[in-house]
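Remarks on the structure that follows.
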Amino acid sequence: MSVYPILLSQSKFMHRDSLTYPYEERGLQFGDGVYEVIRIYNGNYYLIDEHVNRLFRSADAVKIELPFAKQELTSLLLDLLDKNTMTTDGKLYLQVTRGSAPRDHVFPENVGPNVYAYIQDFPRNLENLTDGVSTITQRDTRWENCYIKSLNLLPNVLAKQAAKENGCYEAILHQDGLVTECSSSNIYLVKDGTIYTHPATKSILHGCVRMRVEKFAGDLNIPFVEEPFSTDDIKDADELFLSSSTSEIMPVVKVDGSIINNGNPGKITRQLQEAYESDAKIVNNSVSAR
Ligand code: PDD
C-alpha cells in the first residue's frame with residue numbers, strides 16, 4: 001500500500017520526498033484542519049463531487065478558506081491520478097490545515113492554509129465484504145460537531161484501537177445507548193425489511209456512501225428510516241451493516257460477542273452491496289460472484 005511518488009501540495013505537484021512542513025504547523029499542533037478520503041476504482045475516483053462538496057462544508061464550518069474553487073480542486077485531484085498513471089484500486093487522502101504559524105490558539109493573521117493530497121493502492125477486502133466483520137460497542141465521547149470531517153480524531157482512534165484489541169474490525173459508538181455511527185464509518189440496522197440509521201444531524205459524519213445507501217434503498221423499494229436505534233435493538237436485529245469509502249457496504253455479523261443473523265450477511269445487505277458494485281463500476285472482483 002505504498003504512496004505514489006507524485007503528490008499535490010497547495011496547487012503544485014511534487015515528489016513525495018520533497019514535501020516538508022515546519023514543526024509549528026496548525027494541523028500538527030492543534031489538529032486545526034479538515035480532511036477527506038476518496039475511494040479509487042480502476043484508476044477513477046468514486047463520488048468525487050460529494051467528497052469535494054463535503055470538504056468545502058467542513059472547511060467553511062471551521063472558518064478555513066480554501067485557496068481554490070471546487071472545480072479547480074477537482075481538476076487538480078484528477079491531474080494527480082494522471083501524473084502517477086494510477087490504474088488500480090486505491091484511495092486518496094486530502095488534508096487542509098489552517099497553515100504554518102508560531103504556536104498560538106487564536107487564528108494566525110495573513111497565513112494561508114496548507115493543502116496536500118496523495119494517493120495509494122488500496123485493494124478491496126473481499127474476505128470481509130463476503131463473510132462480514134465483528135464489532136464492539138463503545139461510548140461516543142466525541143464533540144457536538146461530528147458532521148465536520150476534522151483532523152481531531154483522538155476519540156475515534158481510541159475506539160478503533162479498543163476494537164482491534166478485542167479482535168474486532170470496528171467500534172460502534174453510542175450516546176446513552178443510542179447508536180450514532182462507528183469510529184470511521186456509518187452504521188445501519190435492518191429489522192422487518194426496513195433500514196434504520198441515525199439521522200444526518202451534527203452528531204454524525206454525513207457519509208458519502210451513506211447518501212448512496214439511501215439512494216440504493218429507494219431504488220430497491222426498501223424503506224430507509226432516519227431514526228436512531230439502540231444497543232439493545234442490535235440484539236434483535238435481522239441484519240447490521242456499516243458503510244464508508246474504505247469499507248464500502250460491510251456486513252456486521254457480531255457485536256460484543258453476540259451473533260447477528262446466525263453469523264451470516266443478510267439479504268438486504270447483499271442487495272445493497274450489489275447496487276454499490278454496479279454504481280462504482282466494479283466489474284471483475286465482485287462480492288456477489290464469490
Ligand atoms: N472515514 N463516519 C466517520 C466517523 C468517518 O470517519 C467516515 C469515513 C464515515 C463514512 O464516510 P464516507 O462514506 O464519506 O467515507 C462515517 C474515512 C474513510 C476515514 O477517516 O478514513
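Letters for chains follow the order of the C-alpha cells (A, B, ...), residue numbers begin at 1 for each chain, and ligand numbers begin at 1 in the order shown.
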Residues within 10 Å of ligand 1, counting only C-alpha atoms and all ligand atoms: report them as a PDB file with N, CA and C atoms, in the first residue's frame.
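Written out: part.pdb:
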```pdb
ATOM      1  N   TYR A  35     -10.257  17.068   6.471  1.00  0.00           N
ATOM      2  CA  TYR A  35      -9.680  16.124   5.510  1.00  0.00           C
ATOM      3  C   TYR A  35     -10.774  15.370   4.774  1.00  0.00           C
ATOM      4  N   GLU A  36     -10.355  14.636   3.768  1.00  0.00           N
ATOM      5  CA  GLU A  36     -11.244  13.729   3.045  1.00  0.00           C
ATOM      6  C   GLU A  36     -10.471  12.467   2.646  1.00  0.00           C
ATOM      7  N   VAL A  37     -11.189  11.375   2.532  1.00  0.00           N
ATOM      8  CA  VAL A  37     -10.643  10.138   1.958  1.00  0.00           C
ATOM      9  C   VAL A  37     -11.570   9.771   0.806  1.00  0.00           C
ATOM     10  N   ILE A  38     -11.003   9.651  -0.397  1.00  0.00           N
ATOM     11  CA  ILE A  38     -11.821   9.334  -1.580  1.00  0.00           C
ATOM     12  C   ILE A  38     -11.380   7.989  -2.147  1.00  0.00           C
ATOM     13  N   ARG A  39     -12.350   7.145  -2.451  1.00  0.00           N
ATOM     14  CA  ARG A  39     -12.044   5.818  -2.980  1.00  0.00           C
ATOM     15  C   ARG A  39     -11.746   5.901  -4.476  1.00  0.00           C
ATOM     16  N   LEU A  47     -17.409   9.017  -6.306  1.00  0.00           N
ATOM     17  CA  LEU A  47     -18.103  10.058  -5.510  1.00  0.00           C
ATOM     18  C   LEU A  47     -17.228  11.288  -5.257  1.00  0.00           C
ATOM     19  N   GLU A  50     -19.142  14.576  -4.304  1.00  0.00           N
ATOM     20  CA  GLU A  50     -19.681  14.533  -2.941  1.00  0.00           C
ATOM     21  C   GLU A  50     -18.571  14.832  -1.922  1.00  0.00           C
ATOM     22  N   HIS A  51     -17.387  14.259  -2.147  1.00  0.00           N
ATOM     23  CA  HIS A  51     -16.280  14.485  -1.201  1.00  0.00           C
ATOM     24  C   HIS A  51     -15.777  15.927  -1.260  1.00  0.00           C
ATOM     25  N   ARG A  54     -18.194  18.113   0.521  1.00  0.00           N
ATOM     26  CA  ARG A  54     -18.109  17.983   1.983  1.00  0.00           C
ATOM     27  C   ARG A  54     -16.852  18.661   2.521  1.00  0.00           C
ATOM     28  N   LYS A  91      -6.937   4.717  -2.872  1.00  0.00           N
ATOM     29  CA  LYS A  91      -7.634   5.793  -2.144  1.00  0.00           C
ATOM     30  C   LYS A  91      -6.769   7.044  -2.145  1.00  0.00           C
ATOM     31  N   LEU A  92      -7.452   8.163  -2.002  1.00  0.00           N
ATOM     32  CA  LEU A  92      -6.770   9.450  -1.913  1.00  0.00           C
ATOM     33  C   LEU A  92      -6.950   9.989  -0.494  1.00  0.00           C
ATOM     34  N   TYR A  93      -5.896  10.560   0.038  1.00  0.00           N
ATOM     35  CA  TYR A  93      -6.015  11.293   1.309  1.00  0.00           C
ATOM     36  C   TYR A  93      -5.737  12.754   1.006  1.00  0.00           C
ATOM     37  N   ARG A 142     -17.139  11.870  21.606  1.00  0.00           N
ATOM     38  CA  ARG A 142     -16.687  12.961  20.732  1.00  0.00           C
ATOM     39  C   ARG A 142     -17.450  14.254  20.996  1.00  0.00           C
ATOM     40  N   CYS A 146     -19.727  16.448  14.935  1.00  0.00           N
ATOM     41  CA  CYS A 146     -19.125  15.320  14.220  1.00  0.00           C
ATOM     42  C   CYS A 146     -19.433  15.337  12.718  1.00  0.00           C
ATOM     43  N   TYR A 147     -20.313  16.257  12.277  1.00  0.00           N
ATOM     44  CA  TYR A 147     -20.570  16.383  10.829  1.00  0.00           C
ATOM     45  C   TYR A 147     -19.378  17.033  10.132  1.00  0.00           C
ATOM     46  N   ILE A 148     -18.507  17.686  10.898  1.00  0.00           N
ATOM     47  CA  ILE A 148     -17.289  18.284  10.323  1.00  0.00           C
ATOM     48  C   ILE A 148     -16.220  17.196  10.260  1.00  0.00           C
ATOM     49  N   LYS A 149     -15.621  17.000   9.085  1.00  0.00           N
ATOM     50  CA  LYS A 149     -14.582  15.956   8.980  1.00  0.00           C
ATOM     51  C   LYS A 149     -13.250  16.557   9.421  1.00  0.00           C
ATOM     52  N   SER A 150     -13.125  16.675  10.742  1.00  0.00           N
ATOM     53  CA  SER A 150     -11.989  17.378  11.334  1.00  0.00           C
ATOM     54  C   SER A 150     -10.821  16.430  11.575  1.00  0.00           C
ATOM     55  N   LEU A 151      -9.623  16.998  11.659  1.00  0.00           N
ATOM     56  CA  LEU A 151      -8.430  16.186  11.931  1.00  0.00           C
ATOM     57  C   LEU A 151      -8.383  15.677  13.364  1.00  0.00           C
ATOM     58  N   LEU A 153      -9.106  13.389  15.717  1.00  0.00           N
ATOM     59  CA  LEU A 153      -9.697  12.051  15.681  1.00  0.00           C
ATOM     60  C   LEU A 153      -9.336  11.205  16.893  1.00  0.00           C
ATOM     61  N   ASN A 156     -11.892   8.759  18.099  1.00  0.00           N
ATOM     62  CA  ASN A 156     -12.086   7.726  17.068  1.00  0.00           C
ATOM     63  C   ASN A 156     -10.915   6.736  17.088  1.00  0.00           C
ATOM     64  N   VAL A 157      -9.706   7.282  17.234  1.00  0.00           N
ATOM     65  CA  VAL A 157      -8.502   6.441  17.264  1.00  0.00           C
ATOM     66  C   VAL A 157      -8.572   5.490  18.461  1.00  0.00           C
ATOM     67  N   LEU A 173     -20.311   3.296  18.059  1.00  0.00           N
ATOM     68  CA  LEU A 173     -20.361   4.330  19.092  1.00  0.00           C
ATOM     69  C   LEU A 173     -21.810   4.612  19.493  1.00  0.00           C
ATOM     70  N   THR A 180     -24.849   6.185  17.317  1.00  0.00           N
ATOM     71  CA  THR A 180     -24.631   7.313  16.403  1.00  0.00           C
ATOM     72  C   THR A 180     -24.027   6.804  15.092  1.00  0.00           C
ATOM     73  N   GLU A 181     -22.771   6.358  15.161  1.00  0.00           N
ATOM     74  CA  GLU A 181     -22.094   5.797  13.984  1.00  0.00           C
ATOM     75  C   GLU A 181     -20.948   4.945  14.497  1.00  0.00           C
ATOM     76  N   CYS A 182     -19.942   4.680  13.661  1.00  0.00           N
ATOM     77  CA  CYS A 182     -18.779   3.911  14.119  1.00  0.00           C
ATOM     78  C   CYS A 182     -17.564   4.834  14.141  1.00  0.00           C
ATOM     79  N   SER A 183     -16.409   4.282  14.546  1.00  0.00           N
ATOM     80  CA  SER A 183     -15.221   5.134  14.686  1.00  0.00           C
ATOM     81  C   SER A 183     -14.802   5.729  13.342  1.00  0.00           C
ATOM     82  N   SER A 184     -15.028   5.007  12.246  1.00  0.00           N
ATOM     83  CA  SER A 184     -14.705   5.585  10.933  1.00  0.00           C
ATOM     84  C   SER A 184     -15.691   5.126   9.857  1.00  0.00           C
ATOM     85  N   SER A 185     -16.942   4.933  10.256  1.00  0.00           N
ATOM     86  CA  SER A 185     -17.966   4.536   9.274  1.00  0.00           C
ATOM     87  C   SER A 185     -19.365   4.815   9.826  1.00  0.00           C
ATOM     88  N   ASN A 186     -20.353   4.806   8.965  1.00  0.00           N
ATOM     89  CA  ASN A 186     -21.758   4.913   9.376  1.00  0.00           C
ATOM     90  C   ASN A 186     -22.310   3.503   9.579  1.00  0.00           C
ATOM     91  N   ILE A 187     -23.399   3.413  10.363  1.00  0.00           N
ATOM     92  CA  ILE A 187     -23.944   2.063  10.652  1.00  0.00           C
ATOM     93  C   ILE A 187     -25.464   2.030  10.523  1.00  0.00           C
ATOM     94  N   SER A 203     -24.449  15.201  14.924  1.00  0.00           N
ATOM     95  CA  SER A 203     -23.814  14.150  15.747  1.00  0.00           C
ATOM     96  C   SER A 203     -23.085  13.084  14.955  1.00  0.00           C
ATOM     97  N   ILE A 204     -23.263  13.077  13.628  1.00  0.00           N
ATOM     98  CA  ILE A 204     -22.559  12.060  12.831  1.00  0.00           C
ATOM     99  C   ILE A 204     -21.965  12.707  11.582  1.00  0.00           C
ATOM    100  N   LEU A 205     -20.980  11.999  11.004  1.00  0.00           N
ATOM    101  CA  LEU A 205     -20.477  12.428   9.706  1.00  0.00           C
ATOM    102  C   LEU A 205     -21.493  12.013   8.637  1.00  0.00           C
ATOM    103  N   HIS A 206     -21.813  12.935   7.750  1.00  0.00           N
ATOM    104  CA  HIS A 206     -22.767  12.629   6.682  1.00  0.00           C
ATOM    105  C   HIS A 206     -21.996  11.912   5.570  1.00  0.00           C
ATOM    106  N   GLY A 207     -21.928  10.610   5.682  1.00  0.00           N
ATOM    107  CA  GLY A 207     -21.069   9.823   4.795  1.00  0.00           C
ATOM    108  C   GLY A 207     -21.491   9.924   3.338  1.00  0.00           C
ATOM    109  N   CYS A 208     -20.507   9.949   2.467  1.00  0.00           N
ATOM    110  CA  CYS A 208     -20.816   9.964   1.032  1.00  0.00           C
ATOM    111  C   CYS A 208     -21.418   8.626   0.628  1.00  0.00           C
ATOM    112  N   VAL A 209     -20.921   7.541   1.219  1.00  0.00           N
ATOM    113  CA  VAL A 209     -21.507   6.232   0.901  1.00  0.00           C
ATOM    114  C   VAL A 209     -22.908   6.125   1.534  1.00  0.00           C
ATOM    115  N   ARG A 210     -23.082   6.764   2.703  1.00  0.00           N
ATOM    116  CA  ARG A 210     -24.412   6.782   3.344  1.00  0.00           C
ATOM    117  C   ARG A 210     -25.463   7.375   2.393  1.00  0.00           C
ATOM    118  N   MET A 211     -25.079   8.469   1.697  1.00  0.00           N
ATOM    119  CA  MET A 211     -26.007   9.083   0.732  1.00  0.00           C
ATOM    120  C   MET A 211     -26.390   8.080  -0.344  1.00  0.00           C
ATOM    121  N   ARG A 212     -25.395   7.274  -0.740  1.00  0.00           N
ATOM    122  CA  ARG A 212     -25.637   6.253  -1.766  1.00  0.00           C
ATOM    123  C   ARG A 212     -26.537   5.150  -1.233  1.00  0.00           C
ATOM    124  N   VAL A 213     -26.293   4.740   0.027  1.00  0.00           N
ATOM    125  CA  VAL A 213     -27.121   3.683   0.633  1.00  0.00           C
ATOM    126  C   VAL A 213     -28.588   4.117   0.600  1.00  0.00           C
ATOM    127  N   LEU A 242     -22.274  -1.667   7.940  1.00  0.00           N
ATOM    128  CA  LEU A 242     -21.692  -0.335   8.067  1.00  0.00           C
ATOM    129  C   LEU A 242     -21.250   0.139   6.689  1.00  0.00           C
ATOM    130  N   SER A 243     -20.931   1.435   6.591  1.00  0.00           N
ATOM    131  CA  SER A 243     -20.508   1.946   5.282  1.00  0.00           C
ATOM    132  C   SER A 243     -19.450   3.021   5.421  1.00  0.00           C
ATOM    133  N   SER A 244     -18.521   3.017   4.480  1.00  0.00           N
ATOM    134  CA  SER A 244     -17.550   4.114   4.352  1.00  0.00           C
ATOM    135  C   SER A 244     -16.825   3.948   3.026  1.00  0.00           C
ATOM    136  N   SER A 245     -16.045   4.940   2.671  1.00  0.00           N
ATOM    137  CA  SER A 245     -15.315   4.897   1.409  1.00  0.00           C
ATOM    138  C   SER A 245     -14.314   3.753   1.382  1.00  0.00           C
ATOM    139  N   THR A 246     -13.747   3.418   2.532  1.00  0.00           N
ATOM    140  CA  THR A 246     -12.765   2.327   2.537  1.00  0.00           C
ATOM    141  C   THR A 246     -13.435   0.975   2.812  1.00  0.00           C
ATOM    142  N   SER A 247     -14.502   0.970   3.615  1.00  0.00           N
ATOM    143  CA  SER A 247     -15.173  -0.306   3.952  1.00  0.00           C
ATOM    144  C   SER A 247     -16.288  -0.663   2.975  1.00  0.00           C
ATOM    145  N   GLU A 248     -16.698   0.285   2.116  1.00  0.00           N
ATOM    146  CA  GLU A 248     -17.836   0.093   1.203  1.00  0.00           C
ATOM    147  C   GLU A 248     -19.093  -0.190   2.023  1.00  0.00           C
ATOM    148  N   ILE A 249     -19.850  -1.260   1.627  1.00  0.00           N
ATOM    149  CA  ILE A 249     -21.012  -1.666   2.418  1.00  0.00           C
ATOM    150  C   ILE A 249     -20.635  -3.010   3.040  1.00  0.00           C
TER     151      ILE A 249
END
```
### Task
Compile the contact shell of A:Pro113 as a ChimeraX atom specification: residues with an atom at most 9 Å away, counting only C-alpha atoms, same-chain residues fewer than 4 positions apart removed.
/A:10,33,64-67,96-100
Next, write the just-selected residues to a file, as a JSON list (two decimals), in the first residue's frame, keeping all heavy atoms as the atom set.
```json
[["chain", "number", "residue", "atom", "x", "y", "z"],
["A", 10, "GLN", "N", -0.35, 22.35, -2.03],
["A", 10, "GLN", "CA", -1.01, 23.59, -2.47],
["A", 10, "GLN", "C", -1.56, 23.31, -3.87],
["A", 10, "GLN", "O", -2.28, 22.34, -4.00],
["A", 10, "GLN", "CB", -0.05, 24.79, -2.44],
["A", 10, "GLN", "CG", 0.72, 24.92, -1.12],
["A", 10, "GLN", "CD", -0.17, 25.14, 0.13],
["A", 10, "GLN", "OE1", -1.08, 24.38, 0.39],
["A", 10, "GLN", "NE2", 0.12, 26.16, 0.92],
["A", 33, "GLY", "N", -7.62, 21.45, 11.31],
["A", 33, "GLY", "CA", -7.80, 21.25, 9.88],
["A", 33, "GLY", "C", -8.88, 20.23, 9.59],
["A", 33, "GLY", "O", -9.50, 19.69, 10.51],
["A", 64, "ILE", "N", -11.93, 27.96, 7.66],
["A", 64, "ILE", "CA", -10.71, 27.89, 6.85],
["A", 64, "ILE", "C", -11.14, 28.19, 5.41],
["A", 64, "ILE", "O", -12.07, 27.55, 4.89],
["A", 64, "ILE", "CB", -10.04, 26.50, 6.91],
["A", 64, "ILE", "CG1", -9.46, 26.25, 8.30],
["A", 64, "ILE", "CG2", -8.94, 26.38, 5.86],
["A", 64, "ILE", "CD1", -8.83, 24.88, 8.50],
["A", 65, "GLU", "N", -10.47, 29.15, 4.79],
["A", 65, "GLU", "CA", -10.82, 29.49, 3.41],
["A", 65, "GLU", "C", -9.91, 28.73, 2.45],
["A", 65, "GLU", "O", -8.68, 28.91, 2.50],
["A", 65, "GLU", "CB", -10.68, 30.99, 3.20],
["A", 65, "GLU", "CG", -11.47, 31.44, 2.00],
["A", 65, "GLU", "CD", -11.45, 32.95, 1.84],
["A", 65, "GLU", "OE1", -11.43, 33.65, 2.89],
["A", 65, "GLU", "OE2", -11.41, 33.41, 0.69],
["A", 66, "LEU", "N", -10.50, 27.89, 1.65],
["A", 66, "LEU", "CA", -9.67, 27.11, 0.72],
["A", 66, "LEU", "C", -9.10, 28.00, -0.37],
["A", 66, "LEU", "O", -9.77, 28.94, -0.81],
["A", 66, "LEU", "CB", -10.51, 25.98, 0.12],
["A", 66, "LEU", "CG", -10.61, 24.81, 1.09],
["A", 66, "LEU", "CD1", -12.01, 24.29, 1.23],
["A", 66, "LEU", "CD2", -9.68, 23.70, 0.65],
["A", 67, "PRO", "N", -7.86, 27.69, -0.82],
["A", 67, "PRO", "CA", -7.23, 28.57, -1.80],
["A", 67, "PRO", "C", -7.69, 28.33, -3.23],
["A", 67, "PRO", "O", -7.12, 28.88, -4.16],
["A", 67, "PRO", "CB", -5.74, 28.25, -1.64],
["A", 67, "PRO", "CG", -5.69, 26.86, -1.12],
["A", 67, "PRO", "CD", -6.96, 26.62, -0.36],
["A", 96, "VAL", "N", -6.41, 19.65, 4.64],
["A", 96, "VAL", "CA", -6.28, 21.12, 4.62],
["A", 96, "VAL", "C", -6.15, 21.59, 6.05],
["A", 96, "VAL", "O", -7.03, 21.31, 6.88],
["A", 96, "VAL", "CB", -7.54, 21.78, 4.02],
["A", 96, "VAL", "CG1", -7.39, 23.29, 3.97],
["A", 96, "VAL", "CG2", -7.85, 21.23, 2.63],
["A", 97, "THR", "N", -5.07, 22.29, 6.37],
["A", 97, "THR", "CA", -4.94, 22.85, 7.73],
["A", 97, "THR", "C", -4.96, 24.37, 7.66],
["A", 97, "THR", "O", -4.84, 24.95, 6.58],
["A", 97, "THR", "CB", -3.64, 22.40, 8.42],
["A", 97, "THR", "OG1", -2.55, 23.17, 7.90],
["A", 97, "THR", "CG2", -3.37, 20.92, 8.22],
["A", 98, "ARG", "N", -5.05, 24.99, 8.85],
["A", 98, "ARG", "CA", -5.10, 26.45, 8.87],
["A", 98, "ARG", "C", -3.75, 27.08, 8.52],
["A", 98, "ARG", "O", -3.66, 28.28, 8.33],
["A", 98, "ARG", "CB", -5.60, 26.98, 10.23],
["A", 98, "ARG", "CG", -6.23, 28.37, 10.14],
["A", 98, "ARG", "CD", -6.77, 28.84, 11.49],
["A", 98, "ARG", "NE", -7.75, 27.94, 12.04],
["A", 98, "ARG", "CZ", -9.03, 27.88, 11.66],
["A", 98, "ARG", "NH1", -9.48, 28.71, 10.75],
["A", 98, "ARG", "NH2", -9.86, 27.00, 12.18],
["A", 99, "GLY", "N", -2.68, 26.25, 8.43],
["A", 99, "GLY", "CA", -1.41, 26.78, 7.94],
["A", 99, "GLY", "C", -0.28, 26.68, 8.94],
["A", 99, "GLY", "O", -0.41, 26.09, 10.02],
["A", 100, "SER", "N", 0.84, 27.27, 8.57],
["A", 100, "SER", "CA", 2.05, 27.25, 9.41],
["A", 100, "SER", "C", 2.18, 28.61, 10.08],
["A", 100, "SER", "O", 2.13, 29.64, 9.41],
["A", 100, "SER", "CB", 3.29, 27.02, 8.55],
["A", 100, "SER", "OG", 3.12, 25.90, 7.73]]
```
### Task
Kindly give the distance, in Å, that separates atom CA of A:Tyr4 and atom CA of A:Asn125, rounded to a single decimal.
20.3 Å
### Message
If we count only C-alpha atoms and set the cut-off at 6 Å, which residues sit around A:Thr135, ignoring sequence neighbours fewer than 2 positions away in its own chain? Please answer as a count of residues only.
### Response
6
